[in-house]
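Asks: Just passing along the structure, written as structure tokens.
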Amino acid sequence: MMILAVNNLLDPDTLPMVLRIMVMAVLVNLSCALVGSFLVLRRMSLMGDALSHAVLPGLVVAFLFSGSLSIVPMFIGAVLAGVATTFLTQTLHHYGRLSTDAAMGVVFTSLFALGVVLLKLFGSRVHLDAACVYEGSLIMVLDTIRVGGLELPRQILVALPVLLVNVLVVAVLWKELKITTFDSALATAIGISAPVMHYTLMTLVALTAVASFQVVGSILVVAMLIIPPAAAQLCVERLGRMVLLSCLIGALVGVLGTLIAVRYDLSPPGTMAVLAGSIYALAAIFSPTGGLAARAWFNYQTSARIVREDILAMLYRVEEYDRSRKIARADAIEAVGGGFTARHALRTLVRRGGVTRDEGGLMLTDSGRAQAAQLVRTHRLWEAYLVDELGLPVDHVHEPAHRVEHFLDEEIREQLAERLPEGAEDPHGREIPE
Amino acid sequence: MRSHLAEAQQAASTDLTTALEVHDMTVAYRRKPVLWDIDLTVPEGQLVGIVGPNGAGKSTLIKAILGLVPLASGKVEIYGKPYRAQRRIVGYVPQRETVDWDFPVTAIDVVQMGTYGRLGWFRRPGHREREFARQCLDQVELADFADRQIRQLSGGQQQRVFLARALAQDAKVYFMDEPFAGVDAATEAAILRMLQNLRSAGKTVFVVHHDLQTTEEYFDWVILLNMRLLACGPMESTFTTQNLQRTYGGRLTILDQAAEAVRRRSPE
């Protein structure tokens, strides 16, 4: 869009500009990831969207009064808009008999529209460009200030203090944010007021939206607020690690997004949002805790174990019927469903020494036989339990026992055994192995 | 002078210290009364069952006492002072379903939250709070699960984590909302042992309970509730067939109609 494609990212002419864009993107994304983590955990992601739009009128008014882009009026404008949004939403919910989401929809669209009108009326006076409000414009980094020997984007005067405020508040009120997010009733009961923390967080979100929207645009602020924390939550199981990881993802997205956008002449905010979405997709697939890949692997391992156990139990029953009889490899594979899974399961059993094979067919080893006996024991104990306690007919109990035998542990097995007399048989009159 | 005299008279007239006094309390949700004119007094050192049908306002009673829902009228005193002044000596166990068990915290983190009230704003929990939380977790026999994320615990274990957190609050008066709901037999026994330990230590524990079969066995004192107070007193004299019939024998239609009328006609 507004920045020409930079073929050589290290070109000394364009490098400072690229770095300035990158610095802004990283600062903004860090702020978003920090406060966004709590929004995601509070299931208030939509509130991030609402606030990032609703701060616009506050901002325009702040510009009108101060005539410039400086932190104090922006801060005041954002806080007022943020508190107004939260307060109006709750008021509409209570007195207007609107559901919370509808109230939020009414408030933020109205405030955003008010901002647009104000912008049209006074836009020329406040040096705010409507397009950049919606989409963001990193070209703002062309407007620079000199600090010491460094040429920095003027926007850093807003983005850096906002990040510092966010870090400070989250650090100082960590315990309070944690408990009000996890259990607001207990928090309020012990004197850590959930409403106070709610307004504090909303103020931070409004502030962050202000610092961000000129860089990534109000439409994409919500992407940076929500996606990095959502991806982080998929991967870790501690609050501290989740916040750190989402900051890391935010920073990574800032750096990579800038490089890709500059190299291929794309919109930096759009590129960052797409990147964040891709990282989320990767996390959803590869997260070690509950990712799609981890679950698929677990499912595969479980079904492989079930097939192995079925082979062992089958060989045990054949032996029980006729000790001299052996079953051919092909027949065994066929009997447990055939295919790759069955062949692989048998190979694994042979490798682990549960089963041996010779020309006559398959045989259990001692260790294989011991394992098989426990499976058959579980199976028959369960059958006896179903007939005695649940009153199922004898011909209905094999299938359920066949499913359950793979999942009951020692403890449950012994509880099942305790209720039967010594030397009891299963409902089909077969011995229950020790 | 006069107030001293009055206090002395009051102290002499009751041989047991009063842990909770609720005076003429009415609670309304969006102007519709759900609890009417509750008056009750409970002495310390009791296990108190709060019993009544669904929608009787049992949880609301607890929340109103803890200041989590506003009172339409009346007042609440814990050891003779309003709740706000007594937060430190009150422990609360909300219903298990009220929190998100996918939340990224470990069992020990949740238990440690019990110490936050004592710490107050801004002060961070330190080594001492960590150690105390560990002891509380040990008391509910979950020491080995301290570093598990809470989703990985069974329902019964989750409930015990909540109770360990209440222990970490180190309170004198406890309010527990359905701690026995949906737990396994082992957990039920563990919770009961814990309640009895609390009583031996002189604590007063209020428990919202839904199982009439076990009420008599578990508690010393009972509050029968169905939008209004039916009875409040020691188990033997209060948990009578007649009182239970009055509590469970259908809602009072007049009370329902009155609540509806108040909702419709009262000013915003």
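In the structure tokens, the first chain shown is A, the next is B, and so on; residue numbers restart at 1 for each chain, and ligands run from 1 in the order shown.
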So which residues touch range 143-147 of chain B within 12 Å, counting only C-alpha atoms, skipping near sequence neighbours fewer than 5 positions away, as an MDAnalysis selection string?

Replies: (chainID A and resid 237:238) or (chainID B and resid 104:112 130:138 152:154 157:158 160:161 164)

Asks: Can you check which residues of chain A have any atom within 12 Å of chain B? Use only C-alpha atoms and format it as a VMD selection string.

Replies: chain A and resid 37 to 38 40 to 43 93 to 97 168 to 197 229 to 230 232 to 243 289 to 290

Asks: How would the residues just picked look written out with C-alpha atoms as an mmCIF file, in the first residue's frame?

Replies:
data_model
loop_
_atom_site.group_PDB
_atom_site.id
_atom_site.type_symbol
_atom_site.label_atom_id
_atom_site.label_comp_id
_atom_site.auth_asym_id
_atom_site.auth_seq_id
_atom_site.Cartn_x
_atom_site.Cartn_y
_atom_site.Cartn_z
ATOM 1 C CA SER A 37 -4.694 -12.450 28.103
ATOM 2 C CA PHE A 38 -7.088 -11.377 30.833
ATOM 3 C CA VAL A 40 -9.616 -14.041 26.877
ATOM 4 C CA LEU A 41 -9.644 -15.714 30.285
ATOM 5 C CA ARG A 42 -12.621 -13.595 31.370
ATOM 6 C CA ARG A 43 -14.471 -14.610 28.189
ATOM 7 C CA HIS A 93 -28.247 -4.215 30.404
ATOM 8 C CA HIS A 94 -29.900 -3.340 33.716
ATOM 9 C CA TYR A 95 -32.411 -0.699 32.774
ATOM 10 C CA GLY A 96 -32.917 -1.255 29.070
ATOM 11 C CA ARG A 97 -33.638 -4.968 29.518
ATOM 12 C CA LEU A 168 3.239 -1.870 35.879
ATOM 13 C CA VAL A 169 -0.462 -2.435 36.573
ATOM 14 C CA VAL A 170 -0.340 -6.119 35.662
ATOM 15 C CA ALA A 171 2.752 -6.617 37.834
ATOM 16 C CA VAL A 172 1.423 -4.724 40.846
ATOM 17 C CA LEU A 173 -2.130 -6.108 40.631
ATOM 18 C CA TRP A 174 -1.177 -9.603 39.456
ATOM 19 C CA LYS A 175 -2.755 -11.395 42.390
ATOM 20 C CA GLU A 176 -5.886 -9.234 42.184
ATOM 21 C CA LEU A 177 -6.275 -9.808 38.426
ATOM 22 C CA LYS A 178 -5.743 -13.514 38.901
ATOM 23 C CA ILE A 179 -8.351 -14.053 41.610
ATOM 24 C CA THR A 180 -11.012 -11.747 40.152
ATOM 25 C CA THR A 181 -10.609 -13.453 36.784
ATOM 26 C CA PHE A 182 -10.740 -16.968 38.199
ATOM 27 C CA ASP A 183 -13.374 -16.588 40.923
ATOM 28 C CA SER A 184 -14.989 -13.161 41.090
ATOM 29 C CA ALA A 185 -17.449 -14.160 43.827
ATOM 30 C CA LEU A 186 -14.744 -15.277 46.242
ATOM 31 C CA ALA A 187 -12.614 -12.246 45.341
ATOM 32 C CA THR A 188 -15.425 -9.833 46.155
ATOM 33 C CA ALA A 189 -16.298 -11.732 49.331
ATOM 34 C CA ILE A 190 -12.748 -11.414 50.670
ATOM 35 C CA GLY A 191 -12.581 -7.718 49.834
ATOM 36 C CA ILE A 192 -10.805 -7.710 46.460
ATOM 37 C CA SER A 193 -13.598 -6.053 44.541
ATOM 38 C CA ALA A 194 -14.285 -7.697 41.191
ATOM 39 C CA PRO A 195 -16.022 -4.565 39.816
ATOM 40 C CA VAL A 196 -12.995 -2.391 40.673
ATOM 41 C CA MET A 197 -10.690 -4.800 38.847
ATOM 42 C CA PRO A 229 -3.411 -15.046 24.186
ATOM 43 C CA ALA A 230 -5.795 -17.600 22.692
ATOM 44 C CA ALA A 232 -0.843 -19.229 24.261
ATOM 45 C CA GLN A 233 -3.686 -20.678 26.309
ATOM 46 C CA LEU A 234 -3.647 -23.749 24.078
ATOM 47 C CA CYS A 235 0.000 -24.415 24.870
ATOM 48 C CA VAL A 236 0.589 -23.787 28.592
ATOM 49 C CA GLU A 237 -1.145 -24.417 31.888
ATOM 50 C CA ARG A 238 0.026 -21.583 34.135
ATOM 51 C CA LEU A 239 -1.229 -18.022 34.080
ATOM 52 C CA GLY A 240 2.265 -16.508 34.208
ATOM 53 C CA ARG A 241 3.504 -18.651 31.348
ATOM 54 C CA MET A 242 0.389 -17.899 29.324
ATOM 55 C CA VAL A 243 0.922 -14.140 29.635
ATOM 56 C CA THR A 289 -1.622 -30.353 25.719
ATOM 57 C CA GLY A 290 -4.780 -31.186 23.830
#

Asks: Using the chain letters and numbers from this document, which residues of range 8-252 of chain B does DSSP assign to alpha helix (DSSP H), as number ranges by chain?

Replies: B: 8-13, 58-65, 83-86, 107-112, 116-119, 127-139, 155-169, 185-200, 212-218, 235-238, 241-248

Asks: Check the DSSP output for the backbone and give back, as a PyMOL selection string, the residues of range 82-181 of chain B in strand (DSSP E or B).

Replies: chain B and resi 90-93+106+149+173-177

Asks: At what distance in Å, to one decimal, does CA of Val394 in chain A lie from CA of His428 in chain A?

Replies: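 Spanning CA of His428 in chain A to CA of Val394 in chain A is a straight-line distance of 7.2 Å.
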
Asks: Please provide the set of residues having any atom within 9 Å of Met25 in chain B, restricted to only C-alpha atoms, with same-chain residues fewer than 3 positions apart removed, written as JSON, numbers by chain.

Replies: {"B": [22, 35, 36, 37, 38, 39, 64, 71, 72, 73, 74, 75, 76]}

Asks: Include N, CA and C atoms and write out the residues we just selected as a short mmCIF file (atom, residue, chain, number, x, y, z; two decimals), in the first residue's frame.

Replies:
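The resulting file, part_14.cif, is reproduced below:
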data_model
loop_
_atom_site.label_atom_id
_atom_site.label_comp_id
_atom_site.auth_asym_id
_atom_site.auth_seq_id
_atom_site.Cartn_x
_atom_site.Cartn_y
_atom_site.Cartn_z
N VAL B 22 -29.11 -12.78 61.35
CA VAL B 22 -29.71 -12.15 60.19
C VAL B 22 -31.02 -11.54 60.68
N LEU B 35 -36.16 -13.76 48.63
CA LEU B 35 -36.13 -14.15 50.05
C LEU B 35 -36.89 -13.09 50.83
N TRP B 36 -37.80 -13.54 51.66
CA TRP B 36 -38.66 -12.59 52.38
C TRP B 36 -38.36 -12.60 53.86
N ASP B 37 -38.06 -11.44 54.41
CA ASP B 37 -38.05 -11.22 55.87
C ASP B 37 -37.41 -12.35 56.66
N ILE B 38 -36.17 -12.64 56.32
CA ILE B 38 -35.47 -13.73 57.02
C ILE B 38 -34.93 -13.22 58.35
N ASP B 39 -35.24 -13.92 59.41
CA ASP B 39 -34.74 -13.62 60.75
C ASP B 39 -34.12 -14.88 61.29
N ALA B 64 -26.20 -13.20 49.95
CA ALA B 64 -26.66 -11.97 50.59
C ALA B 64 -25.88 -11.73 51.88
N LEU B 71 -28.97 -6.26 49.66
CA LEU B 71 -30.16 -6.50 50.46
C LEU B 71 -31.19 -5.43 50.12
N ALA B 72 -32.46 -5.86 49.95
CA ALA B 72 -33.52 -4.88 49.77
C ALA B 72 -33.84 -4.24 51.13
N SER B 73 -33.68 -5.05 52.18
CA SER B 73 -33.84 -4.49 53.52
C SER B 73 -33.21 -5.45 54.51
N GLY B 74 -33.05 -5.01 55.75
CA GLY B 74 -32.54 -5.87 56.80
C GLY B 74 -31.05 -5.72 57.00
N LYS B 75 -30.50 -6.51 57.94
CA LYS B 75 -29.06 -6.45 58.18
C LYS B 75 -28.53 -7.81 58.60
N VAL B 76 -27.21 -7.94 58.44
CA VAL B 76 -26.53 -9.18 58.74
C VAL B 76 -25.40 -8.87 59.71
#

Asks: Just checking: using only C-alpha atoms, which residue out of B:Arg165, B:His209, B:His127, B:His23 ends up closest to Val222 in chain B?

Replies: B:His209

Asks: Can you pull out every residue within 9 Å of Leu9 in chain A, counting only C-alpha atoms, but drop anything in the same chain fewer than 2 positions away, and send it as a ChimeraX atom specification?

Replies: /A:6-7,11-12,14-15,18,259,262-263

Asks: Write out, as a tab-separated table (two decimals), in the first residue's frame, the residues just selected, with C-alpha atoms.

Replies:
chain	number	residue	atom	x	y	z
A	6	VAL	CA	11.82	-3.15	-0.13
A	7	ASN	CA	13.81	-5.74	-1.97
A	11	ASP	CA	19.35	-1.53	2.49
A	12	PRO	CA	20.83	1.27	4.61
A	14	THR	CA	15.28	1.98	4.19
A	15	LEU	CA	16.56	0.07	7.21
A	18	VAL	CA	11.74	-0.66	8.66
A	259	LEU	CA	9.47	-7.86	7.51
A	262	VAL	CA	7.72	-4.45	3.86
A	263	ARG	CA	9.31	-7.03	1.60

Asks: To one decimal place in Å, what is the distance between CA of Leu346 in chain A and CA of Arg369 in chain A?

Replies: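 Between CA of Leu346 in chain A and CA of Arg369 in chain A the gap is 14.7 Å.
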
Asks: So that I can see what lies close to range 73-80 of chain A, please list as a PyMOL selection string the residues with an atom at most 6 Å from it, counting only C-alpha atoms and leaving out residues fewer than 5 positions away in the same chain.

Replies: chain A and resi 55+58-59+62+203+206-207

Asks: I'd like to know which of A:Thr144, A:Thr208, A:Ser110, A:Ser52 is closest to Asn166 in chain A, using only C-alpha atoms.

Replies: A:Thr208

Asks: So which residues touch Ala259 in chain B within 8 Å, counting only C-alpha atoms, skipping near sequence neighbours fewer than 5 positions away, as a list in words?

Replies: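 Close residues of Ala259 in chain B: Lys32, Pro33 and Val34 of chain B.
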
Asks: I want to know what sits within 10 Å of Ser31 in chain A, based on only C-alpha atoms, with residues of the same chain fewer than 6 positions away left out; could you give that as a VMD selection string?

Replies: chain A and resid 159 to 160 162 to 167 204 to 205 207 to 209 211 to 212 224 to 225 247 250 to 251

Asks: What gap, in Å, lies between CA of Asp24 in chain B and CA of Glu178 in chain B?

Replies: 24.6 Å

Asks: Quick one: of B:Thr215, B:Gln95, B:Ser237, B:Thr18, who's nearest to Gly80 in chain B, counting only C-alpha atoms?

Replies: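 Nearest candidate to Gly80 in chain B out of B:Thr215, B:Gln95, B:Ser237, B:Thr18: B:Thr18.
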